[in-house]
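Engineer: The structure's right below; bear with me while I get my questions together.
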Amino acid sequence: MGATKYETYTEKQIQFANFFKALAHPARYAVVEKLIEANGQDLDFEEVFDGIDLAQSTKSEHLKQLVNSGILKTKLITKDRRSCLRYRLNKPAIEFLEKFIHKINELVDLNDNERISFLQGFYQNNINFYRLNLF
C-alpha cells in the first residue's frame, strides 16, 4: 500500500495544492471573478452568487472551500439583530499567487520582452486580480 499525501509531501506543499485546487472549479472561479469586480467591497452570499444557478448547499460548499483554502475571508455583520457573513478576497492569498506566477516567469527561458508580454497576458486575460496596472 502506498504512502498517503501527508506522509509524502510537506504541509506547505499540501496547502499550496489545496489553494490551487480551490481555484480549479468554474463556480469557484466565477465567485473569485465576482469579488474582483467588487473592487475590494465585501459581498453577501446572494451578491456573490448573483447569476450563478446552483443549489444553496452547493454554493455553501464552494464558499467553504474558498474560505478554507485562504482565498476568501469572511466578516460577520450584525444589524438590527440579524447577522450575515460578508466575503472578500484575502489579499495575502492574492499576493502569494502573484509571487508564484513571477517565480515561474523567472524560471522560464524568455527574453525581457517575452516576459513582459507573458505577464501582461496573464493579468489581463486569466486572473486580472485587483486590476494591477504594472505595465
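Chain labels run A, B, ... following the order of the C-alpha cells; each chain numbers its residues from 1, and ligands are numbered from 1 in the order shown.
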Under the rule of at most 6 Å, produce a per-residue listing of stretch 70-118 of chain A near stretch 31-47 of chain A: chain, number, name, the closest pair of atoms, and the distance in Å, as a tab-separated table, using only C-alpha atoms.

Structural biologist:
residue	atom	partner	partner_atom	distance
A:Arg86	CA	A:Asp44	CA	4.5
A:Tyr87	CA	A:Leu43	CA	5.2
A:Arg88	CA	A:Asp42	CA	5.1

Engineer: Based on the selection just made, write N, CA and C atoms of those residues as an mmCIF file, in the first residue's frame.

Structural biologist:
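out.cif was written with the following content:
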data_model
loop_
_atom_site.group_PDB
_atom_site.id
_atom_site.type_symbol
_atom_site.label_atom_id
_atom_site.label_comp_id
_atom_site.auth_asym_id
_atom_site.auth_seq_id
_atom_site.Cartn_x
_atom_site.Cartn_y
_atom_site.Cartn_z
ATOM 1 N N ARG A 86 -20.140 38.352 5.250
ATOM 2 C CA ARG A 86 -19.724 39.086 4.060
ATOM 3 C C ARG A 86 -18.396 38.475 3.616
ATOM 4 N N TYR A 87 -18.173 38.425 2.311
ATOM 5 C CA TYR A 87 -16.994 37.779 1.735
ATOM 6 C C TYR A 87 -16.166 38.796 0.966
ATOM 7 N N ARG A 88 -14.843 38.573 0.998
ATOM 8 C CA ARG A 88 -13.921 39.380 0.205
ATOM 9 C C ARG A 88 -12.679 38.554 -0.091
#

Engineer: Could you write out, as a PyMOL selection string, all the residues of stretch 12-110 of chain A that DSSP marks as helix (DSSP H, G or I)?

Structural biologist: chain A and resi 12-23+26-37+45-48+56-68+91-107

Engineer: Between atom CA of A:Ser69 and atom CA of A:Thr10, measure the distance and give it in Å to one decimal.

Structural biologist: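 Here the two named atoms are 16.0 Å from each other.
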
Engineer: Residues at most 10 Å from A:Ala27, counting only C-alpha atoms, excluding those fewer than 4 positions away in the same chain, as a ChimeraX atom specification?

Structural biologist: /A:23,31-33,49,52-54,58-59,62-63

Engineer: Would you export the selected residues with C-alpha atoms as a compact mmCIF listing (two decimals), in the first residue's frame, please?

Structural biologist:
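Written output follows (again.txt):
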# COMPACT_ATOMS: atom_id res chain seq x y z
CA LEU A 23 -9.49 27.79 -7.89
CA VAL A 31 -17.02 33.67 -7.34
CA VAL A 32 -13.44 34.98 -7.39
CA GLU A 33 -14.21 36.97 -10.55
CA PHE A 49 -23.80 34.08 -6.38
CA ILE A 52 -24.76 31.62 -10.76
CA ASP A 53 -27.51 29.00 -10.82
CA LEU A 54 -26.60 26.33 -8.26
CA THR A 58 -23.57 23.58 -3.47
CA LYS A 59 -22.99 27.32 -3.20
CA HIS A 62 -17.94 26.24 -2.82
CA LEU A 63 -17.63 29.18 -0.42

Engineer: Measuring atom to atom with only C-alpha atoms, identify which of A:Leu119, A:Cys84, A:Ile71, A:Tyr9 is nearest to A:Ala22.

Structural biologist: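 Among the listed residues, the smallest separation from A:Ala22 belongs to A:Ile71.
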
Engineer: So which one's closest to A:Pro92, A:Glu61, A:Ala30, A:Lys73, A:Ile116? Using only C-alpha atoms, please.

Structural biologist: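 Of A:Glu61, A:Ala30, A:Lys73, A:Ile116, the one nearest A:Pro92, counting only C-alpha atoms, is A:Lys73.
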
Engineer: Kindly give the distance, in Å, that separates atom CA of A:Ala17 and atom CA of A:Phe100, rounded to a single decimal.

Structural biologist: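 It comes out at 12.5 Å.
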
Engineer: Taking only C-alpha atoms into account, which of A:His102, A:Glu95, A:Asp80, A:Asn68 comes nearest A:Asn18?

Structural biologist: A:Asn68

Engineer: Between atom CA of A:Leu66 and atom CA of A:Phe16, what is the spacing in Å?

Structural biologist: 12.8 Å

Engineer: Nearest to A:Arg115: which of A:Gln13, A:His25, A:Lys103, A:Ile77 is it, counting only C-alpha atoms?

Structural biologist: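 Under the stated criterion, the closest residue is A:Lys103.
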
Engineer: Ranking A:Asp112, A:Gln56, A:Gln120, A:Gly70 by minimum distance to A:Phe20 and counting only C-alpha atoms, which one comes first?

Structural biologist: A:Gly70
